[in-house]
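Report on the structure given below.
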Amino acid sequence: RGAHIVGVASVDRFEGAPNGHHPEDLLPSAKSVVVIGMRYFQTILDNDHLCNDSEILSEENLSSLRNFMFRFMYDTVNSEMQVIGIHIAHFLHEKGYSSLPLPSSGWAGGPLGRHGLFSHRHAAMLAGLGTIGLNNLLLTPKYGPRVRLNSVITTAPLTPDPILEEQVCLGAEKCGRCLKTPCFGEIEEWNVGGKKMPVAKLLNCNGLDPGCPNPGEKLPFIRYCWGICPVGQMNK
């Protein structure tokens, strides 16, 4: 029992992080960031078929059920990540290193409806767990974007993992499925830790909206950009 993926990034890789959100802003004398991840099941994302033949549930009930299924997995995995993060922090504290466990998710507010204390996806990329895809999400070689992440900042001088050289995302020409929704605009170039990546500008996020437009592709009920990505078939 535990995380499915784990990596370590040294804090010097976080140059250019927003003021107030650099590891050393959150934990003075920080040396390393431990990043962990747990997969999110495609079967939960593909829950639009659940109980379609029910003699009991109305359409409104079905919508609530599908949202409930998504939140069940989302909240359970987030909680598990947070518990693992706390255990990592306990272990490092016992070794004499100050450590800061973090929440897995953000809170309400901000231009896109939520705030984040620390970017786990950027930390995961800097810890060698994947690269940022066109859909603005971390894409891992094994699970694609279907992972939840958490991080522990620590003063322990841990050995960092190498950053992935090859881009995991298939790109707009070979794939581009995520670009078919109005959530994304023109493709920009991001520079994270010295690695340049093409990323589509996020205009809005309808991830919790079952009516998220879906031109020409099967749409999982929630989080289109998670479910439609072909990378990481291990999570079928």
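In the structure tokens, the first chain shown is A, the next is B, and so on; residue numbers restart at 1 for each chain, and ligands run from 1 in the order shown.
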
Closest pair table for range 72-141 of chain A residues within 9 Å of range 5-24 of chain A, only C-alpha atoms, as a Markdown table:
| residue | atom | partner | partner_atom | distance |
| --- | --- | --- | --- | --- |
| A:Leu117 | CA | A:His21 | CA | 6.6 |
| A:Phe118 | CA | A:His21 | CA | 5.9 |
| A:Ser119 | CA | A:His21 | CA | 8.2 |
| A:His122 | CA | A:Phe14 | CA | 8.7 |
| A:Ala123 | CA | A:Ala9 | CA | 7.0 |
| A:Ala124 | CA | A:Gly7 | CA | 7.1 |
| A:Met125 | CA | A:Ala9 | CA | 8.7 |
| A:Leu126 | CA | A:Ala9 | CA | 5.6 |
| A:Ala127 | CA | A:Ala9 | CA | 4.3 |
| A:Gly128 | CA | A:Gly7 | CA | 6.3 |
| A:Leu129 | CA | A:Gly7 | CA | 6.2 |

For CA of Leu158 in chain A and CA of Gly232 in chain A, quote the distance in Å rounded to one decimal.
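So the two atoms, CA of Leu158 in chain A and CA of Gly232 in chain A, lie 28.3 Å apart.
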
CA of Tyr74 in chain A sits from CA of Gly133 in chain A at a separation of 20.5 Å

Within 12 Å of Ala3 in chain A using only C-alpha atoms, minus same-chain residues under 4 positions, as number ranges by chain
A: 7, 34-40, 77-85, 87-88, 147-151

Nearest-residue call for Pro145 in chain A, choices A:Phe91, A:Trp226, A:Phe41, A:Phe72, using only C-alpha atoms:
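Of all the options, A:Trp226 lies closest to Pro145 in chain A.
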
Which of range 70-131 of chain A DSSP labels strand (DSSP E or B), written as a list in words
Ser99, Leu100, Pro101, Trp107, Ala108, Arg114, His115 and Thr131 of chain A

Test item, helix (DSSP H, G or I) assignment across range 3-159 of chain A, answer as a PyMOL selection string
chain A and resi 11-14+23-26+42-45+47-49+59-94+120-126

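Across the model, the gap from CA of Pro198 in chain A to CA of Gly227 in chain A is 20.1 Å.
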
Quick one: residues within 8 Å of Gly144 in chain A, only C-alpha atoms, excluding same-chain residues fewer than 5 positions away - as a VMD selection string?
chain A and resid 138 to 139 229 to 233
